[in-house]
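Note sheet for the following structure.
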2 protein chains.
Amino acid sequence: MPDPKENLQMEKIVSLCKRRGFIFQSSEIYGGINGFWDYGPLGAELKRNVKELWWNAMTRQRDDVAGLEATIIMSPQIWKASGHVDTFSDPMCDCLLTGKRFRADQIELQSGTVYRFFGAFDKSCEEKFIQDWLDGKGSSNLTIQLPPANDISTVTEKLRAMIRSQKDFQIREALRSTLDQILKTSKRDGCGDKFSVLVPKGTVNESATRIAAQFYKKRGVNNPVPLLEAFEDVVNSQAFNPENGAELTSPRPFNLMFKTYVGPVESEDGIAYLRPETAQAIFAQFKNVLETSRQKVPFGIAQVGKAFRNEVTPRNFTFRSREFEQMELEFFIKPDEVVEAICGNVASAADVSSRVCENADNPRSDEARLPQPNWGWEAWHKYWVEERVRFYEGIGLSRETLGFHHQTPAELAHYARACTDILFKFPFSKKDADGNVAGDELEGIAARSDFDLSQHARFSGKPMGVFDDELRAAWAKLPKEKQDELWKRYHDNRKNYLLKSGVEAEPAQKQATDDANGLAKGQYIPHVIEPSAGVDRLILALIANAYTEVTKTDDKGKSETTVVMKFHPRVAPVKVGVMPLLKNKPELVKKALAVRDLLRPWMNVFYDEAGSIGRRYARQDEAGTPFCVTIDFDTLGEKPELLDTVTIRYRDDGRQERLKISELLGFLLSKIR
Amino acid sequence: MPDPKENLQMEKIVSLCKRRGFIFQSSEIYGGINGFWDYGPLGAELKRNVKELWWNAMTRQRDDVAGLEATIIMSPQIWKASGHVDTFSDPMCDCLLTGKRFRADQIELQSGTVYRFFGAFDKSCEEKFIQDWLDGKGSSNLTIQLPPANDISTVTEKLRAMIRSQKDFQIREALRSTLDQILKTSKRDGCGDKFSVLVPKGTVNESATRIAAQFYKKRGVNNPVPLLEAFEDVVNSQAFNPENGAELTSPRPFNLMFKTYVGPVESEDGIAYLRPETAQAIFAQFKNVLETSRQKVPFGIAQVGKAFRNEVTPRNFTFRSREFEQMELEFFIKPDEVVEAICGNVASAADVSSRVCENADNPRSDEARLPQPNWGWEAWHKYWVEERVRFYEGIGLSRETLGFHHQTPAELAHYARACTDILFKFPFSKKDADGNVAGDELEGIAARSDFDLSQHARFSGKPMGVFDDELRAAWAKLPKEKQDELWKRYHDNRKNYLLKSGVEAEPAQKQATDDANGLAKGQYIPHVIEPSAGVDRLILALIANAYTEVTKTDDKGKSETTVVMKFHPRVAPVKVGVMPLLKNKPELVKKALAVRDLLRPWMNVFYDEAGSIGRRYARQDEAGTPFCVTIDFDTLGEKPELLDTVTIRYRDDGRQERLKISELLGFLLSKIR
């Protein structure tokens, strides 16, 4: 659990988001809908800016990436090929009493005493039964000194105690037989389902019995008297409902995809899913894009769009929601064997690092970072991690606010070569034992081998390989030993994929041989590097990063705390506030409107004439507007040397300076682009 | 049906869209999914441009509109309030034979002969039955000269013929009784369900009987012999499956919203819908936006986003698809009574037209079109129709390509005051009797009164009215008679809405009185004007409008036809192609890359060095790139006076001229913005 101070910080952020129109609860007037959030006027602008910057950086500013905008509902076959239908699930269990569903691996560990019941009988049958039993109709082969009893559970519990303490085997067996007989008879008028309840250690039996009685009542026993079988202490169990102690069902997988039906009939044939990620459409359209965009491997396909996951426990504001937006790039590269065949070698890790990775001691020019023909997957992976970090830096998230998680072999999927998560230190991010915050995931950059294209090739029956003239020419010139070595590596990788994907040994062997033989013809299936970012969590990171409280003390010693949202000008929802000093001076208003109209074609301008200038600045500070421009009497030439100049005021330090109107647009454009 | 030439035009467009990467079938490698389309690299850019231009025009360039980005899945209560759960449906019927579902009102009219069957018996029982009957066990009260018969249907048909031609009442009744007896007996081994089949007039009975036999076989009769009851001619019927003539069920409503479940349990409580329109989120968040955006009525809320309708018959390429994108503005205005209370009058229709509407004889400056305080709903409606037409003109759809449909009172919903549809003349648009094409809807601009906010106020229990100081002040100064008059008009409108929405007379009366009393306190529920546009159909209109075939004949008399996509530069996916004259001259390539990098931060640039310059131009023509820039030896100073100039080539007429590189960015920006 985050500490209270961190919760407080999140509370402040959530409150500001609602108050200033960044983020509202979806359907708020109807009590909301858990896991869904709307973006208000400022939030919608912020989000548009982020998506636009990503799209620009990833596609328009590059020659080697094409864009795509695919549908949210696609053929369900896609989700079979991707594995989502079979394995995209969380383990879930249900409370046997209330039916409430829990994510099995997120149930808090509980310790205490478990009371196990094996059924219940109807209390209204009890008097008759006991009478029968006392009359000798119940037990015939043993005479026991029964304690005065008026319900069966007391009788049976005491019998149990006697059985437990009885040393003599024969007497113990006789007692057991009596007990059986009692229970068999009583169950005729009750229920024989097993049920257990966890209660804190030291709690009296009655509280467990009360819960059990509710359970048996729901199963049709009118006045249930639960029959205790045993009790025992347990430690760190996840098998009971933390809210009432009732037993949970065993965990079963629950698919996280939202299901719907396409077409007028709700039948199996019409089942479709809301995409749980945008990536798969890119793989499915790989060939179409390749054929129409005049790209050659290495190249990428980028997509921004909504995705949906029916999260069991949406949490941390917009960080884990059920409807969210992704920005994904699938960057297709040559397999290392192909790179080696063409270039003679594959760039070493050290070479790549020194070329790609930038730090304070090692700043890199754009030219130095240019991709090289001899890059294998490792180089491309490093390159994209670095590109993405540079993107985050470019919108105001410094490296200090970020963290990295390099997935361990145990964490990686069988087909993945590597995955680096870029983390941001959110207010809710957990501290480790040393008090360090690693952060929570903003983006994952995965090296996914040729798994995705191979899966779609297998499931659709459509070839997903590419033809590369350069490879064919290079291959023909390779010495036989080199051909054999590369052939074998490629073959083994392909075979390994096929076997792990459940293909039988013989067809896998045949397919892998065919695939490796393709190299000589210039054919291969591209590998992919996948930088996959979440828009909503990035917006939340930008908001958390921007949130700054400023406390000012006035002359009279009265202090006031205001919020300044220090967004990078590139992402700020409003770029500039334009204000006439006074609302009731038509000349000032007219001039201010002219400045507004000058800037507006190029950026989002907020025109504001209401209230004192200080209040107007404060409002823009809270909205995160980086610049305010004020039109005053000097603008109109009261001081002739200041004619057609304005005051520009900086959000972050409150500094003000004078600027010519003719220079304003150029100045602002240089800051916001 | 569109004529073949129009189909051909659509075929060419669909083919170009696929070939050049504008639009692909979704999930194509899996055989596609009906009603879903993906946008390829060029299509994605085109769509982004259109959405960005709309957003800019509607929000960023205006002071009086705020943006919103709400979720696709919202509380299901929203769709109860909006009426979608109850009434957003198409009438559907099923084929009784195959189960195939049809949109009842779209079944083509059919004429022919209907054969009505009232059951069938199993042929294998027939011999025994006929023997029984001939033995006198079947009929006892009449002796008929039966024709030699070997199946019951022949017997019964001949009996029918005898009944029809028999003039004597008693004999006729006796025959009828015999027939009944035959049928009653035979039905024991058959099926008594009624079924009819439509066949073309003049077709022999057997074809109808064959279809009927399939029907009865599906109902468990092994060797069905259908029993004919009657036949008759019908004209223009929609009651039969056009594919096989089988009878259809009666039409039943089929809701067009995609349904899913939110949360881990698929129960009634978790039912949710994919939004069928973006508008409702705006109404649901009206108060949140009002309170956080510092707007006052009149103002609008704009949203762009996906919507989903489970169309029974998606058609006309992307025009009617199941997943689509909308651009919607809800512009909230004062009710006319409030305008009149404040301004003393409401702008007359004539005044509004002359101010708002623009045509060749009557061009209007931006200032002339500025909204006025005395505008009522009619003025705002005209204003928005005109604004939207100007938007379409601004992206290349001239007024000649558009059409208008003013909904008639019979077409309007009960709460709507007016609705104007802006149409585009698509290749598939139908011709009327005179050969004129009206077009199909691009956008509807509806005056929806205060219906939407009122519905959400009623269903959520949250007030949706606003407080207006100006109204309160003005109201106090009105003469009593004027107050009474406005009070009564407002009251009557409110009461009318409440009664039509199913509120009982007494509470409606009370509520309307309360609402009208609110006027004096400055309170009212805003009315709304809704310009609602479909992105995908606009993209299709832009593509159809841009599609131009150009035939050129070369010196040798050989002619070639190429496609030029004449997009307006504002929407064109690629703004400029940058090309070195030759690929193998490093100085040319280097300079061309420098020009690319100069332009790229400001626009989408396509760099191309492969193939002859003519081929490269042609490729850009097909992509709709308005300008190409070529770097040649003169650029490098071969002719010194041309140093650092480039050739700019215009897509639409192939014209070329020389431009300084230093002037290039400014020139292009002036064209594409």
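In the structure tokens, chains take letters A, B, ... by order of appearance, with residues numbered from 1 within each chain and ligands from 1 in the order shown.
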
**OP:** Output as a ChimeraX atom specification all residues of segment 233-403 of chain A that backbone DSSP marks as strand (DSSP E).
**Re:** /A:233-237,252-255,259-261,271-273,299-308,323-333,402-403

Subject >> For Arg219 of chain A: contacts at 12 Å, only C-alpha atoms, fewer than 6 positions along chain excluded, given as a list in words >> reply: Leu96, Leu97, Thr98, Gly119, Ala120, Phe121, Asp122, Gly190, Cys191, Gly192, Asp193, Lys194, Phe195, Ala212, Ala213 and Pro226 of chain A

Can you write out as a tab-separated table which residues of chain A fall within 7 Å of chain B, alongside each residue's closest atom pair and its distance in Å to one decimal, counting only C-alpha atoms and ordering rows by chain and ascending residue number?
```
residue	atom	partner	partner_atom	distance
A:Arg19	CA	B:Thr292	CA	6.2
A:Arg20	CA	B:Thr292	CA	5.2
A:Gly21	CA	B:Thr292	CA	5.2
A:Ser26	CA	B:Met74	CA	6.4
A:Ser27	CA	B:Ser75	CA	5.7
A:Ile29	CA	B:Ser460	CA	6.0
A:Tyr30	CA	B:Ser460	CA	5.6
A:Gly32	CA	B:Ser75	CA	6.7
A:Ile33	CA	B:Ser75	CA	5.7
A:Phe36	CA	B:Thr71	CA	6.6
A:Trp37	CA	B:Thr71	CA	6.5
A:Asp38	CA	B:Ala70	CA	4.2
A:Tyr39	CA	B:Glu69	CA	4.9
A:Gly40	CA	B:Leu68	CA	4.9
A:Pro41	CA	B:Gly67	CA	4.6
A:Ala44	CA	B:Glu69	CA	5.5
A:Arg60	CA	B:Asn604	CA	5.5
A:Gln61	CA	B:Arg600	CA	6.2
A:Ala66	CA	B:Pro41	CA	5.5
A:Gly67	CA	B:Pro41	CA	4.6
A:Leu68	CA	B:Gly40	CA	4.9
A:Glu69	CA	B:Tyr39	CA	4.9
A:Ala70	CA	B:Asp38	CA	4.2
A:Thr71	CA	B:Asp38	CA	5.8
A:Met74	CA	B:Ser27	CA	5.9
A:Ser75	CA	B:Ser27	CA	5.7
A:Gln77	CA	B:Tyr30	CA	6.8
A:Arg101	CA	B:Pro264	CA	6.8
A:Phe258	CA	B:Thr260	CA	6.4
A:Lys259	CA	B:Thr260	CA	5.8
A:Thr260	CA	B:Thr260	CA	5.2
A:Tyr261	CA	B:Phe258	CA	6.9
A:Val262	CA	B:Asn310	CA	6.4
A:Gly263	CA	B:Asn310	CA	6.1
A:Pro264	CA	B:Val312	CA	6.0
A:Ala284	CA	B:Ser27	CA	6.3
A:Val289	CA	B:Gly40	CA	6.6
A:Thr292	CA	B:Arg20	CA	5.2
A:Ser293	CA	B:Gly21	CA	6.9
A:Asn310	CA	B:Gly263	CA	6.1
A:Val312	CA	B:Pro264	CA	6.1
A:Ser460	CA	B:Tyr30	CA	5.6
A:Lys462	CA	B:Ile29	CA	6.6
A:Arg600	CA	B:Gln61	CA	6.1
A:Pro601	CA	B:Gln61	CA	6.9
A:Asn604	CA	B:Arg60	CA	5.5
```

For the residues in that selection, give me N, CA and C atoms as a short mmCIF file (atom, residue, chain, number, x, y, z; two decimals), in the first residue's frame.
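part_5.cif, freshly written:
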```
data_model
loop_
_atom_site.label_atom_id
_atom_site.label_comp_id
_atom_site.auth_asym_id
_atom_site.auth_seq_id
_atom_site.Cartn_x
_atom_site.Cartn_y
_atom_site.Cartn_z
N ARG A 19 -11.79 19.39 -11.01
CA ARG A 19 -12.08 20.82 -10.83
C ARG A 19 -11.74 21.62 -12.08
N ARG A 20 -10.66 21.27 -12.75
CA ARG A 20 -10.22 22.05 -13.90
C ARG A 20 -10.61 21.42 -15.25
N GLY A 21 -11.31 20.29 -15.19
CA GLY A 21 -11.76 19.72 -16.45
C GLY A 21 -10.69 18.96 -17.21
N SER A 26 -16.45 8.82 -16.02
CA SER A 26 -17.43 8.58 -17.08
C SER A 26 -18.81 8.40 -16.47
N SER A 27 -19.84 8.94 -17.12
CA SER A 27 -21.24 8.74 -16.72
C SER A 27 -21.47 9.16 -15.27
N ILE A 29 -23.11 11.45 -13.74
CA ILE A 29 -24.47 11.75 -13.25
C ILE A 29 -25.26 10.47 -12.97
N TYR A 30 -24.81 9.36 -13.51
CA TYR A 30 -25.47 8.08 -13.23
C TYR A 30 -24.67 7.24 -12.23
N GLY A 32 -21.43 6.94 -12.25
CA GLY A 32 -20.16 6.48 -12.81
C GLY A 32 -20.22 5.03 -13.26
N ILE A 33 -19.13 4.61 -13.88
CA ILE A 33 -18.99 3.22 -14.31
C ILE A 33 -17.53 2.87 -14.08
N PHE A 36 -13.78 3.50 -16.14
CA PHE A 36 -13.95 4.33 -17.35
C PHE A 36 -13.85 5.81 -16.97
N TRP A 37 -13.06 6.53 -17.73
CA TRP A 37 -12.80 7.95 -17.44
C TRP A 37 -12.92 8.79 -18.70
N ASP A 38 -13.53 9.96 -18.57
CA ASP A 38 -13.66 10.90 -19.68
C ASP A 38 -12.63 12.02 -19.55
N TYR A 39 -12.21 12.53 -20.68
CA TYR A 39 -11.31 13.68 -20.68
C TYR A 39 -12.12 14.94 -20.95
N GLY A 40 -12.04 15.89 -20.03
CA GLY A 40 -12.73 17.17 -20.17
C GLY A 40 -11.97 18.08 -21.13
N PRO A 41 -12.39 19.35 -21.24
CA PRO A 41 -11.78 20.24 -22.24
C PRO A 41 -10.25 20.31 -22.16
N ALA A 44 -8.77 16.71 -22.91
CA ALA A 44 -8.87 16.31 -24.31
C ALA A 44 -7.77 16.98 -25.14
N ARG A 60 5.52 10.83 -39.26
CA ARG A 60 5.73 11.92 -40.22
C ARG A 60 7.17 12.39 -40.27
N GLN A 61 7.88 12.28 -39.14
CA GLN A 61 9.26 12.74 -39.11
C GLN A 61 10.23 11.67 -39.57
N ALA A 66 5.19 3.72 -41.51
CA ALA A 66 3.90 4.06 -42.12
C ALA A 66 2.81 3.96 -41.04
N GLY A 67 1.76 4.72 -41.22
CA GLY A 67 0.67 4.71 -40.24
C GLY A 67 -0.43 3.75 -40.62
N LEU A 68 -1.27 3.44 -39.64
CA LEU A 68 -2.41 2.56 -39.86
C LEU A 68 -3.50 2.97 -38.88
N GLU A 69 -4.76 2.83 -39.32
CA GLU A 69 -5.86 3.03 -38.37
C GLU A 69 -6.88 1.93 -38.59
N ALA A 70 -6.78 0.92 -37.78
CA ALA A 70 -7.62 -0.27 -37.96
C ALA A 70 -8.81 -0.23 -37.01
N THR A 71 -9.74 -1.15 -37.23
CA THR A 71 -10.94 -1.18 -36.41
C THR A 71 -10.69 -1.82 -35.04
N MET A 74 -12.40 -6.77 -34.79
CA MET A 74 -11.79 -7.45 -35.94
C MET A 74 -12.25 -8.90 -35.94
N SER A 75 -11.81 -9.63 -36.95
CA SER A 75 -12.16 -11.05 -36.99
C SER A 75 -11.69 -11.74 -35.71
N GLN A 77 -10.68 -14.57 -35.37
CA GLN A 77 -9.52 -15.42 -35.70
C GLN A 77 -8.22 -14.76 -35.27
N ARG A 101 -17.11 -12.02 -7.17
CA ARG A 101 -15.95 -12.58 -7.85
C ARG A 101 -14.67 -11.84 -7.46
N PHE A 258 -13.45 -8.03 -23.80
CA PHE A 258 -14.89 -7.76 -23.86
C PHE A 258 -15.44 -8.49 -25.07
N LYS A 259 -16.52 -9.22 -24.87
CA LYS A 259 -17.11 -10.02 -25.94
C LYS A 259 -18.38 -9.35 -26.44
N THR A 260 -18.63 -9.43 -27.73
CA THR A 260 -19.91 -8.96 -28.25
C THR A 260 -20.29 -9.83 -29.44
N TYR A 261 -21.40 -9.52 -30.07
CA TYR A 261 -21.83 -10.27 -31.24
C TYR A 261 -22.01 -9.34 -32.42
N VAL A 262 -21.46 -9.73 -33.56
CA VAL A 262 -21.61 -8.95 -34.78
C VAL A 262 -22.66 -9.62 -35.64
N GLY A 263 -23.56 -8.83 -36.20
CA GLY A 263 -24.62 -9.39 -37.04
C GLY A 263 -25.88 -9.57 -36.21
N PRO A 264 -26.97 -9.82 -36.90
CA PRO A 264 -28.26 -9.79 -36.21
C PRO A 264 -28.54 -10.99 -35.32
N ALA A 284 -1.80 -8.20 -38.79
CA ALA A 284 -2.77 -8.72 -39.77
C ALA A 284 -2.69 -7.94 -41.08
N VAL A 289 0.15 -3.25 -45.99
CA VAL A 289 0.94 -2.02 -45.82
C VAL A 289 2.24 -2.13 -46.59
N THR A 292 1.67 -1.50 -50.28
CA THR A 292 1.14 -0.22 -50.74
C THR A 292 1.99 0.97 -50.32
N SER A 293 2.93 0.77 -49.39
CA SER A 293 3.61 1.95 -48.83
C SER A 293 5.01 2.14 -49.37
N ASN A 310 -11.25 -6.00 -19.78
CA ASN A 310 -12.25 -6.08 -18.72
C ASN A 310 -11.54 -6.37 -17.40
N VAL A 312 -10.44 -6.84 -13.73
CA VAL A 312 -11.25 -7.22 -12.58
C VAL A 312 -11.24 -6.11 -11.54
N SER A 460 -3.84 -18.02 -40.65
CA SER A 460 -4.59 -17.53 -41.80
C SER A 460 -4.26 -18.34 -43.06
N LYS A 462 -1.99 -17.55 -44.95
CA LYS A 462 -1.42 -16.58 -45.90
C LYS A 462 0.06 -16.38 -45.57
N ARG A 600 -4.09 32.47 -33.06
CA ARG A 600 -5.00 31.33 -33.03
C ARG A 600 -4.84 30.33 -34.19
N PRO A 601 -4.54 30.79 -35.40
CA PRO A 601 -4.36 29.77 -36.46
C PRO A 601 -3.22 28.82 -36.17
N ASN A 604 -3.35 26.76 -29.67
CA ASN A 604 -4.55 26.89 -28.85
C ASN A 604 -4.42 28.09 -27.91
#
```

**OP:** Rank A:Leu542, A:Ile342, A:Ala81, A:Val352 by their smallest atom-to-atom distance to Gly624 of chain A, using only C-alpha atoms, and report the top residue only.
**Re:** A:Leu542

**OP:** Determine the nearest neighbour of Val356 of chain A from the options A:Glu587, A:Glu378, A:Asp632, A:Glu340, counting only C-alpha atoms.
**Re:**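 Of A:Glu587, A:Glu378, A:Asp632, A:Glu340, the one nearest Val356 of chain A is A:Glu378, counting only C-alpha atoms.
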
**OP:** For Cys95 of chain B, list every protein, DNA or RNA residue within 7 Å, evaluated using only C-alpha atoms, and leave out those in the same chain fewer than 6 positions away; present the list as a list in words.
**Re:** Arg101, Asn241, Ala246, Glu247, Leu248 and Thr249 of chain B

Could you turn the residues from that selection into a file that holds C-alpha atoms, as a short mmCIF file (atom, residue, chain, number, x, y, z; two decimals), in the first residue's frame?
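Written out: out-v7.cif:
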```cif
data_model
loop_
_atom_site.label_atom_id
_atom_site.label_comp_id
_atom_site.auth_asym_id
_atom_site.auth_seq_id
_atom_site.Cartn_x
_atom_site.Cartn_y
_atom_site.Cartn_z
CA ARG B 101 -32.23 -12.81 -40.96
CA ASN B 241 -37.20 -14.76 -48.65
CA ALA B 246 -39.72 -19.35 -48.24
CA GLU B 247 -42.04 -17.58 -45.83
CA LEU B 248 -40.49 -15.10 -43.37
CA THR B 249 -41.46 -14.53 -39.76
#
```

Original post:
Just asking: which residues within segment 386-423 of chain B are alpha helix (DSSP H) according to DSSP, as number ranges by chain?
Top reply: B: 386-394

Could the residues in this selection be written to a file with N, CA, C and O atoms, as a PDB file, in the first residue's frame?
```pdb
ATOM      1  N   GLU B 386     -24.752  26.824 -42.303  1.00  0.00           N
ATOM      2  CA  GLU B 386     -23.852  27.604 -43.153  1.00  0.00           C
ATOM      3  C   GLU B 386     -22.385  27.387 -42.763  1.00  0.00           C
ATOM      4  O   GLU B 386     -21.520  27.237 -43.626  1.00  0.00           O
ATOM      5  N   GLU B 387     -22.114  27.357 -41.470  1.00  0.00           N
ATOM      6  CA  GLU B 387     -20.740  27.102 -41.017  1.00  0.00           C
ATOM      7  C   GLU B 387     -20.225  25.773 -41.534  1.00  0.00           C
ATOM      8  O   GLU B 387     -19.082  25.634 -41.951  1.00  0.00           O
ATOM      9  N   ARG B 388     -21.088  24.779 -41.477  1.00  0.00           N
ATOM     10  CA  ARG B 388     -20.674  23.438 -41.885  1.00  0.00           C
ATOM     11  C   ARG B 388     -20.450  23.357 -43.390  1.00  0.00           C
ATOM     12  O   ARG B 388     -19.522  22.707 -43.852  1.00  0.00           O
ATOM     13  N   VAL B 389     -21.306  24.049 -44.146  1.00  0.00           N
ATOM     14  CA  VAL B 389     -21.104  24.056 -45.597  1.00  0.00           C
ATOM     15  C   VAL B 389     -19.778  24.740 -45.918  1.00  0.00           C
ATOM     16  O   VAL B 389     -19.008  24.281 -46.769  1.00  0.00           O
ATOM     17  N   ARG B 390     -19.493  25.827 -45.222  1.00  0.00           N
ATOM     18  CA  ARG B 390     -18.218  26.523 -45.433  1.00  0.00           C
ATOM     19  C   ARG B 390     -17.035  25.598 -45.113  1.00  0.00           C
ATOM     20  O   ARG B 390     -16.003  25.635 -45.783  1.00  0.00           O
ATOM     21  N   PHE B 391     -17.211  24.774 -44.075  1.00  0.00           N
ATOM     22  CA  PHE B 391     -16.161  23.808 -43.747  1.00  0.00           C
ATOM     23  C   PHE B 391     -15.921  22.858 -44.920  1.00  0.00           C
ATOM     24  O   PHE B 391     -14.780  22.621 -45.323  1.00  0.00           O
ATOM     25  N   TYR B 392     -17.014  22.329 -45.468  1.00  0.00           N
ATOM     26  CA  TYR B 392     -16.858  21.393 -46.589  1.00  0.00           C
ATOM     27  C   TYR B 392     -16.235  22.075 -47.808  1.00  0.00           C
ATOM     28  O   TYR B 392     -15.387  21.502 -48.482  1.00  0.00           O
ATOM     29  N   GLU B 393     -16.668  23.296 -48.054  1.00  0.00           N
ATOM     30  CA  GLU B 393     -16.044  24.043 -49.157  1.00  0.00           C
ATOM     31  C   GLU B 393     -14.552  24.212 -48.913  1.00  0.00           C
ATOM     32  O   GLU B 393     -13.750  24.101 -49.841  1.00  0.00           O
ATOM     33  N   GLY B 394     -14.190  24.444 -47.658  1.00  0.00           N
ATOM     34  CA  GLY B 394     -12.791  24.696 -47.313  1.00  0.00           C
ATOM     35  C   GLY B 394     -11.895  23.485 -47.480  1.00  0.00           C
ATOM     36  O   GLY B 394     -10.667  23.597 -47.456  1.00  0.00           O
TER      37      GLY B 394
END
```

Original post:
Looking at B:Ala533, B:Ala623, B:Ala438, B:Leu668, which one is nearest to Leu16 of chain B, with distances taken over only C-alpha atoms?
Top reply: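 Of B:Ala533, B:Ala623, B:Ala438, B:Leu668, the one nearest Leu16 of chain B is B:Ala623, counting only C-alpha atoms.
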
Original post:
Could you state the separation of atom CA of Lys585 of chain A and atom CA of Arg619 of chain A in Å, given to one decimal place?
Top reply: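 Atom-to-atom, atom CA of Lys585 of chain A and atom CA of Arg619 of chain A are spaced 21.8 Å apart.
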
Original post:
What gap, in Å, lies between atom CA of Leu109 of chain A and atom CA of Pro242 of chain A?
Top reply: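 A separation of 8.6 Å between them.
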
**OP:** Just give me the gap between atom CA of Val338 of chain A and atom CA of Ala505 of chain A in Å, one decimal is fine.
**Re:**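 These atoms are spaced 25.2 Å apart.
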